[in-house]
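> Hey, dropping protein.txt in here, compact mmCIF, C-alpha atoms:
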# COMPACT_ATOMS: atom_id res chain seq x y z
CA MET A 1 97.39 90.65 70.72
CA SER A 2 98.95 87.28 71.15
CA HIS A 3 100.11 87.79 74.68
CA THR A 4 96.69 88.80 75.90
CA GLY A 5 95.65 85.43 74.57
CA VAL A 6 98.27 83.79 76.72
CA THR A 7 97.05 85.65 79.78
CA THR A 8 93.46 84.65 79.16
CA ARG A 9 94.38 81.06 78.60
CA MET A 10 96.46 81.03 81.75
CA LYS A 11 93.56 82.38 83.74
CA LYS A 12 91.35 79.65 82.38
CA THR A 13 93.92 76.95 83.02
CA ILE A 14 94.35 78.07 86.57
CA GLY A 15 90.63 78.30 87.07
CA ILE A 16 90.13 74.75 85.94
CA THR A 17 93.15 72.89 87.17
CA LEU A 18 94.79 74.85 89.92
CA SER A 19 93.87 76.93 92.89
CA GLY A 20 95.80 79.15 95.24
CA ALA A 21 98.89 81.25 94.76
CA ALA A 22 101.46 78.49 95.30
CA SER A 23 100.31 76.42 92.35
CA ALA A 24 100.00 79.59 90.27
CA LEU A 25 103.67 80.22 90.92
CA ILE A 26 104.60 76.78 89.64
CA LEU A 27 102.73 77.47 86.44
CA VAL A 28 104.45 80.82 86.03
CA GLY A 29 107.80 79.16 86.62
CA GLY A 30 107.02 76.70 83.86
CA LEU A 31 106.25 79.44 81.40
CA THR A 32 109.42 81.38 82.09
CA ALA A 33 111.82 79.78 79.64
CA ALA A 34 115.51 80.34 80.34
CA PRO A 35 116.73 83.12 78.09
CA ALA A 36 118.53 81.75 75.09
CA ARG A 37 121.63 83.74 74.31
CA ALA A 38 122.23 84.96 70.81
CA GLY A 39 125.86 85.12 69.79
CA SER A 40 128.92 84.79 72.02
CA MET A 41 129.23 86.44 75.44
CA ALA A 42 132.24 88.54 74.41
CA GLU A 43 130.20 90.14 71.67
CA TRP A 44 128.05 91.73 74.39
CA THR A 45 130.55 92.26 77.21
CA HIS A 46 133.09 93.83 74.83
CA PRO A 47 130.69 95.34 72.35
CA SER A 48 131.55 97.01 69.08
CA ALA A 49 130.49 100.58 68.42
CA ALA A 50 127.78 99.23 66.15
CA VAL A 51 126.30 97.07 68.92
CA LEU A 52 126.35 99.99 71.36
CA ALA A 53 124.63 102.25 68.86
CA ALA A 54 122.00 99.61 68.15
CA GLY A 55 121.47 99.04 71.88
CA LYS A 56 121.03 102.72 72.58
CA LYS A 57 118.57 103.11 69.75
CA LEU A 58 116.51 100.17 70.99
CA ALA A 59 116.60 101.41 74.59
CA PHE A 60 115.31 104.84 73.59
CA ASN A 61 112.76 103.73 70.98
CA ARG A 62 109.21 104.07 72.35
CA LYS A 63 108.03 101.03 70.43
CA LYS A 64 110.94 98.85 71.57
CA GLY A 65 112.67 99.08 74.97
CA ASN A 66 111.28 102.49 75.84
CA CYS A 67 113.50 102.32 78.91
CA LEU A 68 113.35 106.11 79.09
CA ALA A 69 109.70 105.80 80.05
CA CYS A 70 110.91 104.90 83.51
CA HIS A 71 114.67 105.50 83.70
CA GLN A 72 116.99 108.42 83.27
CA ILE A 73 119.66 107.17 80.83
CA ASP A 74 122.59 108.92 79.26
CA ASP A 75 121.43 111.90 77.17
CA GLY A 76 117.86 110.60 76.70
CA THR A 77 115.18 113.30 76.72
CA ASP A 78 112.03 113.36 78.88
CA PRO A 79 113.00 110.43 81.09
CA GLY A 80 110.43 109.10 83.57
CA ASN A 81 111.27 108.36 87.21
CA VAL A 82 109.34 105.18 87.91
CA GLY A 83 112.65 103.28 88.04
CA PRO A 84 116.10 104.39 89.29
CA PRO A 85 118.48 106.32 87.00
CA LEU A 86 120.64 103.83 85.10
CA VAL A 87 124.11 104.94 86.17
CA HIS A 88 127.15 103.03 87.45
CA VAL A 89 125.51 99.95 86.00
CA LYS A 90 128.68 97.87 85.74
CA LYS A 91 129.40 98.53 89.39
CA ARG A 92 125.89 97.49 90.38
CA TYR A 93 125.96 94.51 88.01
CA PRO A 94 129.49 93.08 87.87
CA ASP A 95 127.87 89.99 86.41
CA PHE A 96 126.55 90.79 82.91
CA ALA A 97 124.19 87.81 83.04
CA LYS A 98 122.39 89.30 86.04
CA LEU A 99 121.83 92.57 84.22
CA ARG A 100 120.46 90.67 81.28
CA ALA A 101 118.19 88.67 83.57
CA GLN A 102 116.78 91.90 85.05
CA ILE A 103 115.82 93.03 81.55
CA TRP A 104 114.56 89.59 80.54
CA ASP A 105 112.13 89.45 83.47
CA ALA A 106 112.39 91.91 86.35
CA THR A 107 109.50 90.20 88.13
CA ALA A 108 111.60 87.05 88.64
CA ASN A 109 113.53 88.85 91.39
CA HIS A 110 110.93 91.46 92.35
CA PRO A 111 107.47 89.98 91.83
CA ASN A 112 105.90 93.41 92.26
CA SER A 113 108.16 95.16 89.78
CA VAL A 114 106.33 97.23 87.19
CA MET A 115 109.23 96.88 84.77
CA PRO A 116 107.84 94.96 81.79
CA PRO A 117 109.25 91.43 81.38
CA PHE A 118 110.87 92.18 78.03
CA GLY A 119 112.11 88.65 77.35
CA ARG A 120 109.45 86.54 79.01
CA ASN A 121 106.63 88.42 77.26
CA ARG A 122 108.55 88.63 73.98
CA ILE A 123 108.47 92.40 73.88
CA LEU A 124 112.06 92.24 72.61
CA THR A 125 114.03 89.46 70.92
CA ASN A 126 117.04 87.85 72.58
CA LYS A 127 119.36 89.77 70.29
CA GLU A 128 117.64 93.05 71.08
CA ILE A 129 117.96 92.37 74.80
CA ASP A 130 121.63 91.54 74.38
CA GLU A 131 122.24 94.78 72.51
CA ILE A 132 120.37 96.85 75.08
CA ALA A 133 122.17 95.13 77.95
CA ALA A 134 125.54 95.72 76.28
CA TYR A 135 124.75 99.41 75.97
CA ILE A 136 123.29 99.78 79.46
CA TRP A 137 126.34 98.06 80.94
CA THR A 138 128.49 100.94 79.71
CA GLN A 139 126.40 103.44 81.64
CA MET B 140 101.93 87.86 87.83
CA ARG B 141 98.87 89.36 89.38
CA GLN B 142 96.61 87.87 86.72
CA THR B 143 97.18 84.47 88.25
CA ASN B 144 95.57 85.66 91.44
CA ILE B 145 92.34 87.00 90.10
CA LYS B 146 90.65 83.71 89.46
CA GLY B 147 88.59 82.15 92.19
CA SER B 148 86.77 85.43 92.59
CA ARG B 149 86.54 86.99 96.06
CA GLY B 150 87.80 85.05 99.03
CA PHE B 151 91.40 84.03 99.28
CA ALA B 152 92.67 84.81 95.80
CA ALA B 153 91.12 88.27 95.75
CA THR B 154 92.52 89.11 99.15
CA LEU B 155 95.90 87.95 97.98
CA ALA B 156 95.83 90.15 94.92
CA VAL B 157 95.08 93.16 97.05
CA LEU B 158 97.71 92.17 99.58
CA ALA B 159 100.31 91.93 96.86
CA ALA B 160 99.36 95.32 95.53
CA GLY B 161 99.52 96.77 99.00
CA VAL B 162 102.96 95.40 99.64
CA ALA B 163 104.13 96.58 96.25
CA ALA B 164 103.06 100.09 97.00
CA GLY B 165 104.66 100.01 100.41
CA PHE B 166 101.55 100.41 102.51
CA ALA B 167 100.01 98.09 105.05
CA PRO B 168 97.91 95.28 103.61
CA TYR B 169 94.16 95.44 103.70
CA PRO B 170 92.64 93.67 106.65
CA ALA B 171 91.06 90.34 105.74
CA HIS B 172 87.49 90.65 104.47
CA ALA B 173 87.78 94.38 104.08
CA GLY B 174 84.59 95.89 102.76
CA PRO B 175 84.30 98.67 100.22
CA GLU B 176 84.21 101.35 102.90
CA GLN B 177 87.44 100.09 104.48
CA ASP B 178 88.95 99.94 100.99
CA ARG B 179 88.06 103.56 100.40
CA ILE B 180 89.35 104.79 103.74
CA HIS B 181 92.52 102.80 103.30
CA LEU B 182 93.07 104.28 99.85
CA ILE B 183 92.63 107.80 101.18
CA GLY B 184 95.19 107.03 103.89
CA PHE B 185 97.65 105.79 101.31
CA TYR B 186 97.40 108.94 99.21
CA GLU B 187 97.49 111.20 102.26
CA ALA B 188 100.85 109.68 103.10
CA ARG B 189 102.12 110.12 99.55
CA PHE B 190 100.74 113.63 98.97
CA PRO B 191 100.62 115.21 102.44
CA LYS B 192 99.91 118.68 101.04
CA LEU B 193 96.73 117.74 99.19
CA LYS B 194 93.25 118.14 100.61
CA LEU B 195 90.73 115.46 99.75
CA ASP B 196 88.81 117.62 97.27
CA ASP B 197 92.03 118.42 95.38
CA TYR B 198 92.03 114.90 93.95
CA VAL B 199 89.24 115.75 91.51
CA ASN B 200 91.88 117.65 89.53
CA GLY B 201 94.02 114.61 88.76
CA VAL B 202 97.54 115.46 87.62
CA TYR B 203 96.80 119.17 87.95
CA ALA B 204 96.60 118.71 91.71
CA ILE B 205 100.19 117.50 91.85
CA ASN B 206 101.99 119.19 88.94
CA PRO B 207 101.98 122.99 89.35
CA GLN B 208 103.29 123.71 85.88
CA MET B 209 100.59 121.65 84.21
CA ARG B 210 98.09 123.21 86.59
CA ALA B 211 98.88 126.70 85.33
CA GLU B 212 98.38 125.74 81.67
CA TRP B 213 95.16 123.96 82.54
CA GLU B 214 93.76 126.96 84.38
CA GLN B 215 94.34 129.05 81.26
CA ILE B 216 92.35 126.56 79.21
CA MET B 217 89.57 126.41 81.78
CA VAL B 218 88.90 130.15 81.37
CA PHE B 219 87.01 129.24 78.20
CA PRO B 220 86.76 125.47 78.23
CA PRO B 221 86.57 123.88 74.77
CA TYR B 222 83.66 121.61 75.78
CA LEU B 223 81.14 124.47 75.99
CA PRO B 224 79.59 123.93 72.53
CA ALA B 225 79.21 120.19 73.24
CA LEU B 226 77.54 121.00 76.54
CA ASP B 227 74.97 123.11 74.69
CA THR B 228 74.37 120.31 72.22
CA GLY B 229 73.98 117.88 75.10
CA LYS B 230 71.38 120.04 76.77
CA LYS B 231 69.37 120.28 73.55
CA LEU B 232 69.61 116.55 72.90
CA PHE B 233 68.59 115.75 76.45
CA HIS B 234 65.43 117.82 76.16
CA THR B 235 64.50 116.70 72.63
CA LYS B 236 61.45 114.45 72.65
CA PHE B 237 61.57 110.92 71.26
CA LYS B 238 59.18 110.02 68.42
CA ASN B 239 56.71 108.73 70.99
CA GLY B 240 56.59 112.11 72.72
CA ARG B 241 58.47 111.06 75.81
CA SER B 242 62.03 112.08 76.65
CA TYR B 243 65.11 111.09 78.63
CA ALA B 244 63.78 112.97 81.64
CA ASP B 245 60.92 110.47 81.91
CA CYS B 246 63.38 107.64 82.50
CA PHE B 247 65.24 109.10 85.48
CA PRO B 248 64.65 110.09 89.07
CA HIS B 249 64.36 113.90 89.42
CA ARG B 250 63.86 113.95 85.66
CA GLY B 251 67.59 113.35 85.23
CA ILE B 252 68.69 116.62 86.77
CA GLY B 253 71.41 116.53 89.43
CA ILE B 254 71.71 112.75 89.57
CA ALA B 255 74.88 111.96 87.60
CA ASN B 256 76.81 111.77 90.87
CA THR B 257 74.76 108.71 91.91
CA TYR B 258 75.90 106.53 89.00
CA PRO B 259 76.84 103.75 88.36
CA ARG B 260 73.95 102.12 90.21
CA TRP B 261 73.27 98.57 91.15
CA ASP B 262 70.11 97.44 89.34
CA ALA B 263 68.65 94.57 91.34
CA LYS B 264 66.07 93.70 88.70
CA ARG B 265 68.69 93.37 85.97
CA GLY B 266 71.19 91.90 88.40
CA GLU B 267 73.96 94.11 87.08
CA VAL B 268 75.66 97.47 87.32
CA VAL B 269 74.04 100.20 85.23
CA THR B 270 76.22 103.13 84.28
CA LEU B 271 74.67 106.44 83.30
CA ALA B 272 75.63 105.85 79.66
CA LEU B 273 73.91 102.47 79.68
CA ALA B 274 70.87 103.97 81.42
CA LEU B 275 70.58 106.53 78.61
CA ASN B 276 70.53 103.80 75.99
CA LEU B 277 68.14 101.62 77.98
CA CYS B 278 65.86 104.65 78.06
CA ARG B 279 66.13 105.07 74.33
CA GLU B 280 65.37 101.43 73.67
CA ALA B 281 62.41 101.45 76.06
CA ASN B 282 61.05 104.30 73.95
CA GLY B 283 61.61 102.65 70.60
CA GLU B 284 64.80 104.54 69.71
CA LYS B 285 68.08 103.03 68.55
CA PRO B 286 70.90 103.10 71.11
CA LEU B 287 73.64 105.68 70.61
CA PRO B 288 77.23 104.56 69.99
CA TYR B 289 79.31 104.73 73.19
CA GLY B 290 82.52 106.52 73.95
CA LYS B 291 82.10 109.88 72.25
CA GLY B 292 79.71 112.00 70.23
CA LYS B 293 76.07 112.50 71.19
CA ILE B 294 76.17 110.24 74.22
CA ALA B 295 79.16 112.13 75.62
CA ASP B 296 77.39 115.45 74.98
CA ILE B 297 74.29 114.30 76.88
CA LEU B 298 76.38 112.89 79.71
CA ALA B 299 78.22 116.21 79.91
CA TYR B 300 74.94 118.05 80.38
CA MET B 301 73.78 115.59 83.03
CA ALA B 302 77.12 115.89 84.86
CA GLU B 303 76.93 119.67 84.69
CA THR B 304 73.53 119.65 86.43
CA ALA B 305 75.07 117.62 89.26
CA LYS B 306 78.22 119.73 89.56
CA GLY B 307 79.30 120.18 93.17
CA LYS B 308 77.21 117.31 94.50
CA LYS B 309 79.12 114.58 96.24
CA ILE B 310 79.78 111.35 94.36
CA HIS B 311 77.43 108.89 95.98
CA VAL B 312 77.69 105.34 94.69
CA VAL B 313 75.76 102.79 96.72
CA ILE B 314 76.49 99.09 97.14
CA PRO B 315 73.23 97.82 98.55
CA ALA B 316 73.82 95.54 101.52
CA ASN B 317 70.70 93.51 100.82
CA ASP B 318 71.94 92.14 97.51
CA PRO B 319 75.23 90.20 97.68
CA ARG B 320 75.53 90.35 93.89
CA ALA B 321 76.24 94.08 94.15
CA LEU B 322 79.24 93.45 96.38
CA GLU B 323 80.37 90.74 93.99
CA ALA B 324 80.28 93.23 91.12
CA TYR B 325 82.34 95.65 93.19
CA GLU B 326 84.84 92.91 94.03
CA ARG B 327 85.16 91.96 90.37
CA GLY B 328 85.86 95.60 89.54
CA LYS B 329 88.50 95.69 92.23
CA GLU B 330 90.15 92.51 90.98
CA PHE B 331 90.22 93.97 87.49
CA TYR B 332 91.95 97.02 88.87
CA TYR B 333 94.74 95.04 90.49
CA ALA B 334 95.14 92.41 87.76
CA ARG B 335 98.16 92.65 85.52
CA ARG B 336 97.40 92.46 81.84
CA GLY B 337 98.79 93.01 78.41
CA GLN B 338 102.16 92.24 76.94
CA LEU B 339 103.64 94.99 79.10
CA ASN B 340 102.19 93.38 82.24
CA PHE B 341 100.66 96.35 84.07
CA SER B 342 97.66 96.62 86.33
CA CYS B 343 95.75 99.87 86.71
CA ALA B 344 97.22 99.95 90.21
CA SER B 345 100.79 99.66 88.85
CA CYS B 346 100.43 103.14 87.43
CA HIS B 347 97.77 104.95 89.43
CA ILE B 348 98.51 103.60 92.92
CA GLN B 349 102.04 102.20 93.03
CA ASN B 350 103.48 105.01 90.89
CA ALA B 351 100.98 107.85 91.33
CA GLY B 352 102.78 111.17 91.15
CA ARG B 353 105.78 109.75 89.30
CA LEU B 354 106.64 110.36 85.69
CA ILE B 355 106.24 107.78 82.98
CA ARG B 356 108.22 109.39 80.20
CA ALA B 357 106.87 112.95 80.33
CA ASN B 358 103.46 111.97 81.79
CA THR B 359 102.67 112.53 85.43
CA LEU B 360 100.59 109.62 86.70
CA SER B 361 97.41 110.72 88.44
CA PRO B 362 96.16 109.11 91.64
CA MET B 363 93.19 106.78 91.36
CA LEU B 364 91.33 108.75 93.99
CA GLY B 365 89.18 111.35 92.20
CA GLN B 366 89.60 109.80 88.75
CA ALA B 367 85.89 109.10 88.39
CA THR B 368 84.63 112.56 89.35
CA HIS B 369 84.88 114.47 86.09
CA TRP B 370 83.37 112.61 83.16
CA PRO B 371 82.90 112.99 80.31
CA THR B 372 86.17 114.82 79.82
CA TYR B 373 87.37 116.94 76.92
CA ARG B 374 90.81 115.62 76.14
CA LEU B 375 92.98 117.89 74.06
CA LYS B 376 94.43 114.74 72.51
CA TRP B 377 90.95 113.63 71.43
CA GLY B 378 89.87 117.13 70.46
CA ALA B 379 86.47 116.23 71.86
CA LEU B 380 84.57 114.94 74.85
CA GLY B 381 85.02 111.27 75.68
CA THR B 382 83.62 108.98 78.33
CA LEU B 383 85.35 107.29 81.25
CA GLN B 384 85.21 103.94 79.47
CA ARG B 385 86.94 105.45 76.46
CA ARG B 386 89.78 106.26 78.84
CA PHE B 387 89.72 102.67 80.18
CA ARG B 388 90.20 101.45 76.63
CA GLY B 389 93.08 103.83 76.08
CA CYS B 390 94.82 102.75 79.29
CA ASN B 391 94.33 99.08 78.36
CA LYS B 392 95.74 99.65 74.88
CA GLN B 393 98.86 101.43 76.04
CA VAL B 394 99.95 98.29 77.90
CA ARG B 395 99.18 96.26 74.76
CA ALA B 396 96.20 94.56 76.34
CA LYS B 397 93.04 93.95 74.37
CA PRO B 398 90.54 96.59 75.44
CA PHE B 399 87.08 95.40 76.48
CA PRO B 400 83.97 96.55 74.64
CA PHE B 401 82.17 99.62 75.92
CA GLN B 402 79.68 98.70 78.62
CA SER B 403 81.01 95.17 78.88
CA ARG B 404 80.40 93.69 82.29
CA GLU B 405 84.12 94.07 83.00
CA TYR B 406 84.10 97.82 82.39
CA ARG B 407 80.83 98.42 84.21
CA ASP B 408 82.12 96.57 87.27
CA LEU B 409 85.39 98.49 87.01
CA GLU B 410 83.49 101.78 86.80
CA TYR B 411 81.43 100.76 89.84
CA PHE B 412 84.57 100.09 91.88
CA LEU B 413 86.47 103.13 90.61
CA THR B 414 83.59 105.52 91.20
CA TYR B 415 82.89 104.12 94.66
CA MET B 416 86.49 104.99 95.53
CA SER B 417 85.66 108.62 94.70
CA ASN B 418 82.62 108.69 96.98
CA GLY B 419 82.38 111.92 98.96
CA LEU B 420 84.34 113.95 96.42
CA PRO B 421 82.43 116.55 94.40
CA GLU B 422 81.16 115.82 90.91
CA VAL B 423 83.10 118.18 88.62
CA GLY B 424 82.36 116.95 85.10
CA PRO B 425 82.70 117.85 82.37
CA THR B 426 86.27 119.06 82.47
CA VAL B 427 89.44 119.24 80.39
CA ARG B 428 92.52 117.05 80.35
CA GLN B 429 95.59 116.80 78.16
Mind turning this structure into structure tokens?


Amino acid sequence: MSHTGVTTRMKKTIGITLSGAASALILVGGLTAAPARAGSMAEWTHPSAAVLAAGKKLAFNRKKGNCLACHQIDDGTDPGNVGPPLVHVKKRYPDFAKLRAQIWDATANHPNSVMPPFGRNRILTNKEIDEIAAYIWTQ
Amino acid sequence: MRQTNIKGSRGFAATLAVLAAGVAAGFAPYPAHAGPEQDRIHLIGFYEARFPKLKLDDYVNGVYAINPQMRAEWEQIMVFPPYLPALDTGKKLFHTKFKNGRSYADCFPHRGIGIANTYPRWDAKRGEVVTLALALNLCREANGEKPLPYGKGKIADILAYMAETAKGKKIHVVIPANDPRALEAYERGKEFYYARRGQLNFSCASCHIQNAGRLIRANTLSPMLGQATHWPTYRLKWGALGTLQRRFRGCNKQVRAKPFPFQSREYRDLEYFLTYMSNGLPEVGPTVRQ
């Protein structure tokens, strides 16, 4: 797995060149590239039915977002309860960019979050994250 | 980013990793320089707060201790547990003589009977942790036999028999105070446990401490306490007995991390730490899980 390689290399790098948590944080900051946005903002904040359908599919797919593993969403079956139910999302996230950032890398705001960093670790592409965010925003 | 904390083994970085995990799970941080025994007592305290209705011995039943519906199905299965034929095979294999006329019994204290609860052990001569599975293969090699493949099959059958003869005895893993390398092995196991890994970025603690009792999709997450008391285990998903390290590999894979080889130092140290945390609980292997 390529990411495991990254992790191992990071461990080595830190072992050789850095010590202590503060410097580790700098390194992590360096690795966290700012999410590049695919397409125009309006495409995601005023999504078409096709985008919403794609987003829902990705969010429910076990091999993709698998958001249902941890969140109750919409009519998804067998939801987990590790994270909060995703309801009233627009009210909680008036700023679409903040919602997207949570999906890109939840650990940026909550270092102890168990929510996988979907963008940072390239679990999903930018477009996939946009589609999921567009769908989740309607919840 | 817990993996960034696990370098610089022991000392500051290790303490930090544990601190972070403690804060994440909402319990008080470990005191500085906490030893294994404080770790264990602290862990028990954490679970007591989360599952106030459970008694300590209940933890040997994993998810079945906390999910009544799953418990009922499991009890049905345990009326005639599907591992019984493998247990028979294991007993026969254990007592079959090697070509040189000796047998497994000659390699173990008390001829191997009623000792499974005392593994893994620190082996000062080898300078490493020896799990019961490794001890079986070391015994074979010492007697001119080829080692058995790990994870499942014959080795799991033999381990099941050895566990059965120790059933009810308390898990008793020792970290000898006179050899600092033993404590180092334990600390490495602990660091492994709290280190995030894989594309999905989970530590063992993310699931089995921080979220124990919660649902991940339809799976209830079992507490870490008691997880090392019942191996090998017949998993319905496997359709056979498998070892604890087979489960480690599965849990590594599901977070898209590269699993370590069976009996790698990483997994032996992890098993040492994990089993120490179950000290004082009864040995109940083999058993059945989903």

> Tell me, in Å to one decimal, how far CA of Asn418 (chain B) is from CA of Gly365 (chain B).

8.5 Å

> Please identify all polymer residues within 7 Å of Ile103 (chain A), counting only C-alpha atoms, omitting same-chain residues fewer than 4 positions from it, and present them as a list in words.

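What passes the distance filter is Leu99, Pro117 and Phe118 of chain A.
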
> Tell me, as a CSV table (one decimal) with C-alpha atoms, in the coordinates of the input, which residues lie within 10 Å of Met41 (chain A), counting all atoms listed in the file; anything in the same chain fewer than 6 positions away does not count.


chain,number,residue,atom,x,y,z
A,47,PRO,CA,130.7,95.3,72.4
A,96,PHE,CA,126.6,90.8,82.9
A,97,ALA,CA,124.2,87.8,83.0
A,130,ASP,CA,121.6,91.5,74.4

> Let me make sure I understand: among B:Gln215, B:Gln177, B:Ser342, B:Thr257, which one has the smallest atom-to-atom distance to Met115 (chain A) if we use all atoms listed in the file?

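Nearest to Met115 (chain A): B:Ser342.
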
> If we count all atoms listed in the file and set the cut-off at 7 Å, which residues sit around region 87-89 of chain A, ignoring sequence neighbours fewer than 5 positions away in its own chain? Please answer as a PDB file with C-alpha atoms, keeping the file's coordinate frame.


ATOM      1  CA  ILE A 136     123.290  99.780  79.460  1.00  0.00           C
ATOM      2  CA  TRP A 137     126.340  98.060  80.940  1.00  0.00           C
ATOM      3  CA  GLN A 139     126.400 103.440  81.640  1.00  0.00           C
TER       4      GLN A 139
END

> Taking 6 positions as the minimum chain separation for residues in the same chain, which residues sit within 8 Å of region 54-61 of chain A when counting only C-alpha atoms? Answer as a ChimeraX atom specification.

/A:67-68,76,128,130-136
